[in-house]
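Report on the structure given below.
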Amino acid sequence: MNQKYQIDEILFLDIETVPQEHDFSQLNEETQALWQIKADQLQARTLEEAQTPEDYYERAGIYAEFGKIICISVGYVAKKKGQLQLRVKSFAGDDEHTILAQFSELLANTHPSRFTALCAHNGREFDFPYLCRRLLINSMPLPRCLAINGKKPWELNHLLDTMQLWKFGDYKHFTSLRMLANVFGIPSPKDDISGSDVSKVYYEEKDLNRIIQYCQKDVATLAKVYARLMLETLDFEEIVVEEVE
């Protein structure tokens, strides 16, 4: 990832995911059995005290085989009357197929004519593969920029990852977006909920707008963190929320 892109060439994105069902008991018998295997693996890996599959189910949303996408927020930097602004748009709802279709249409219409790179925090380990897997699960074709199966690392320069940029080859090191925002003096996006709250807010509080706002704040912070990693400072005069057509 040694190619440097102009800030207005990049589409910044973040996704929010939840377990496919609110409760473990709502899964069919086969999926329950498969989650039992996953829960056993998690327990063995973390050396935690024995817990039931139900106890672990709150983590199901981070696995594309057991989760689903409820929000994709994207943002790009534009200039209007000499002032920088971040324009954000969110595809969100209960119908994952519709969310993915809208996102795919955006990519088809704007990449690479408008954007030559995509950027996400931990995108190479989470956002990009999760999107690809859920697209295939929904029987949808992969957008050209996400058709990355079997690609060599140097063929993925258009997929930027702020966490990878921060690692400097240290593959044991995980750094959250919140941490990078803090070390760079960028106001934290986590002023309302955290990723672990998303499932509860979605299923119990049924407050999708709150999740959308949380996701959009992450996109704004992501853009500023990327700029700092490139030894630049990005100050928006305003954040403009675009409606989904």
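Labels for the structure tokens follow display order: chains A, B, ..., residues from 1 in each chain, ligands from 1.
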
If we count only C-alpha atoms and set the cut-off at 9 Å, which residues sit around Ser199 of chain A, ignoring sequence neighbours fewer than 3 positions away in its own chain? Please answer as a count of residues only.
11

Enumerate, as a PyMOL selection string, the complete set of residues in chain A that a backbone-based DSSP assignment places in alpha helix (DSSP H).
chain A and resi 29-46+53-56+96-110+127-137+162-167+177-183+198-203+208-229

Give me a file of those residues, with C-alpha atoms, as a CSV table (one decimal), in the first residue's frame.
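Below is the file out.csv, written as the result:
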chain,number,residue,atom,x,y,z
A,29,GLU,CA,-31.1,-26.3,14.0
A,30,GLU,CA,-28.2,-26.6,11.6
A,31,THR,CA,-27.0,-23.0,12.1
A,32,GLN,CA,-27.3,-23.5,15.9
A,33,ALA,CA,-25.0,-26.6,15.6
A,34,LEU,CA,-22.5,-24.6,13.5
A,35,TRP,CA,-22.5,-21.8,16.0
A,36,GLN,CA,-21.9,-24.3,18.7
A,37,ILE,CA,-18.6,-25.2,16.9
A,38,LYS,CA,-17.7,-21.5,16.5
A,39,ALA,CA,-18.4,-20.9,20.2
A,40,ASP,CA,-16.2,-23.8,21.2
A,41,GLN,CA,-13.4,-22.4,19.1
A,42,LEU,CA,-13.8,-19.0,20.7
A,43,GLN,CA,-13.8,-20.5,24.2
A,44,ALA,CA,-10.7,-22.5,23.5
A,45,ARG,CA,-8.9,-19.6,21.9
A,46,THR,CA,-9.6,-17.1,24.7
A,53,PRO,CA,-23.4,-20.8,22.7
A,54,GLU,CA,-26.1,-18.4,23.7
A,55,ASP,CA,-23.5,-16.5,25.8
A,56,TYR,CA,-21.3,-16.1,22.8
A,96,GLU,CA,-29.6,-6.4,3.5
A,97,HIS,CA,-30.0,-7.2,-0.2
A,98,THR,CA,-31.3,-3.6,-0.8
A,99,ILE,CA,-28.4,-2.1,1.2
A,100,LEU,CA,-25.9,-4.1,-0.8
A,101,ALA,CA,-27.6,-3.3,-4.2
A,102,GLN,CA,-27.5,0.4,-3.5
A,103,PHE,CA,-23.9,0.3,-2.4
A,104,SER,CA,-22.9,-1.8,-5.5
A,105,GLU,CA,-24.7,0.7,-7.7
A,106,LEU,CA,-22.7,3.6,-6.2
A,107,LEU,CA,-19.5,1.8,-6.8
A,108,ALA,CA,-20.5,0.9,-10.4
A,109,ASN,CA,-21.3,4.5,-11.1
A,110,THR,CA,-18.3,6.2,-9.4
A,127,ASP,CA,-15.1,-4.5,6.0
A,128,PHE,CA,-13.9,-5.5,2.6
A,129,PRO,CA,-14.1,-9.3,3.0
A,130,TYR,CA,-17.3,-9.0,5.0
A,131,LEU,CA,-18.9,-7.1,2.1
A,132,CYS,CA,-17.7,-9.6,-0.4
A,133,ARG,CA,-19.0,-12.6,1.6
A,134,ARG,CA,-22.4,-11.0,2.2
A,135,LEU,CA,-22.7,-10.1,-1.5
A,136,LEU,CA,-22.1,-13.7,-2.5
A,137,ILE,CA,-24.5,-15.0,0.2
A,162,THR,CA,-5.7,2.9,8.1
A,163,MET,CA,-5.0,0.1,10.6
A,164,GLN,CA,-2.6,-1.6,8.2
A,165,LEU,CA,-0.9,1.8,7.5
A,166,TRP,CA,-0.3,2.2,11.2
A,167,LYS,CA,1.1,-1.3,11.7
A,177,LEU,CA,-9.9,4.0,15.1
A,178,ARG,CA,-10.7,5.6,18.4
A,179,MET,CA,-7.0,5.1,19.6
A,180,LEU,CA,-5.6,6.6,16.4
A,181,ALA,CA,-8.0,9.6,16.6
A,182,ASN,CA,-6.7,10.1,20.2
A,183,VAL,CA,-3.0,10.0,19.4
A,198,VAL,CA,-25.0,-1.8,17.8
A,199,SER,CA,-26.9,-5.1,18.1
A,200,LYS,CA,-28.8,-3.9,21.2
A,201,VAL,CA,-29.7,-0.6,19.7
A,202,TYR,CA,-30.9,-2.3,16.5
A,203,TYR,CA,-32.8,-5.2,18.0
A,208,LEU,CA,-31.6,2.7,13.3
A,209,ASN,CA,-31.0,6.4,12.9
A,210,ARG,CA,-28.7,6.3,16.0
A,211,ILE,CA,-26.6,3.6,14.3
A,212,ILE,CA,-26.5,5.6,11.1
A,213,GLN,CA,-25.2,8.7,12.9
A,214,TYR,CA,-22.6,6.6,14.7
A,215,CYS,CA,-21.5,5.1,11.4
A,216,GLN,CA,-21.2,8.5,9.7
A,217,LYS,CA,-19.1,9.9,12.5
A,218,ASP,CA,-16.7,7.0,12.1
A,219,VAL,CA,-16.4,7.8,8.4
A,220,ALA,CA,-15.6,11.5,9.2
A,221,THR,CA,-13.0,10.4,11.7
A,222,LEU,CA,-11.6,7.8,9.3
A,223,ALA,CA,-11.0,10.5,6.7
A,224,LYS,CA,-9.2,12.7,9.2
A,225,VAL,CA,-7.0,9.8,10.4
A,226,TYR,CA,-6.0,8.9,6.9
A,227,ALA,CA,-5.0,12.4,6.2
A,228,ARG,CA,-2.8,12.5,9.3
A,229,LEU,CA,-1.2,9.2,8.3

Show me, as a tab-separated table, the residues of segment 75-122 of chain A having an atom within 7 Å of segment 6-15 of chain A, each with the closest atom pair and its distance in Å, using only C-alpha atoms.
residue	atom	partner	partner_atom	distance
A:Gly75	CA	A:Phe12	CA	5.1
A:Tyr76	CA	A:Leu11	CA	5.3
A:Val77	CA	A:Asp8	CA	5.2
A:Ala78	CA	A:Asp8	CA	6.4
A:Arg114	CA	A:Glu9	CA	6.8
A:Phe115	CA	A:Glu9	CA	4.6
A:Thr116	CA	A:Glu9	CA	5.6
A:Ala117	CA	A:Ile10	CA	4.9
A:Leu118	CA	A:Leu11	CA	4.9
A:Cys119	CA	A:Phe12	CA	4.7
A:Ala120	CA	A:Leu13	CA	5.4

Put those residues in a file: N, CA and C atoms, as a compact mmCIF listing (two decimals), in the first residue's frame.
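And here is the file that came out, selection_15.txt:
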# COMPACT_ATOMS: atom_id res chain seq x y z
N GLY A 75 -18.23 8.26 2.52
CA GLY A 75 -17.98 9.70 2.52
C GLY A 75 -16.85 10.05 1.59
N TYR A 76 -16.91 11.26 1.05
CA TYR A 76 -15.82 11.74 0.21
C TYR A 76 -15.63 13.23 0.44
N VAL A 77 -14.42 13.67 0.18
CA VAL A 77 -14.07 15.07 0.41
C VAL A 77 -14.31 15.86 -0.87
N ALA A 78 -15.00 16.97 -0.75
CA ALA A 78 -15.28 17.83 -1.89
C ALA A 78 -14.97 19.27 -1.52
N ARG A 114 -14.86 8.29 -10.55
CA ARG A 114 -14.84 9.34 -9.53
C ARG A 114 -13.85 9.02 -8.42
N PHE A 115 -13.83 7.77 -7.98
CA PHE A 115 -12.93 7.36 -6.90
C PHE A 115 -12.02 6.24 -7.39
N THR A 116 -10.75 6.36 -7.08
CA THR A 116 -9.79 5.33 -7.49
C THR A 116 -9.38 4.43 -6.34
N ALA A 117 -9.84 4.74 -5.12
CA ALA A 117 -9.49 3.93 -3.96
C ALA A 117 -10.63 3.92 -2.95
N LEU A 118 -10.71 2.84 -2.19
CA LEU A 118 -11.63 2.73 -1.05
C LEU A 118 -10.79 2.68 0.21
N CYS A 119 -11.32 3.22 1.31
CA CYS A 119 -10.57 3.24 2.56
C CYS A 119 -11.49 2.88 3.72
N ALA A 120 -11.02 1.98 4.59
CA ALA A 120 -11.74 1.62 5.81
C ALA A 120 -10.72 1.29 6.89

Could you list, as a PyMOL selection string, every residue within 6 Å of Glu16 of chain A, counting only C-alpha atoms and ignoring same-chain residues fewer than 6 positions away?
chain A and resi 69-71

Write a file of the just-selected residues containing N, CA and C atoms, as a PDB file, in the first residue's frame.
ATOM      1  N   ILE A  69     -25.319  -7.167   7.387  1.00  0.00           N
ATOM      2  CA  ILE A  69     -25.026  -5.738   7.343  1.00  0.00           C
ATOM      3  C   ILE A  69     -26.336  -4.958   7.472  1.00  0.00           C
ATOM      4  N   ILE A  70     -26.338  -3.979   8.371  1.00  0.00           N
ATOM      5  CA  ILE A  70     -27.532  -3.128   8.515  1.00  0.00           C
ATOM      6  C   ILE A  70     -27.256  -1.687   8.112  1.00  0.00           C
ATOM      7  N   CYS A  71     -25.972  -1.337   7.938  1.00  0.00           N
ATOM      8  CA  CYS A  71     -25.647   0.033   7.543  1.00  0.00           C
ATOM      9  C   CYS A  71     -24.286   0.074   6.855  1.00  0.00           C
TER      10      CYS A  71
END

Measure the distance from atom CA of Leu27 of chain A to atom CA of Met140 of chain A in Å and round it to one decimal.
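Here the two named atoms are 23.3 Å from each other.
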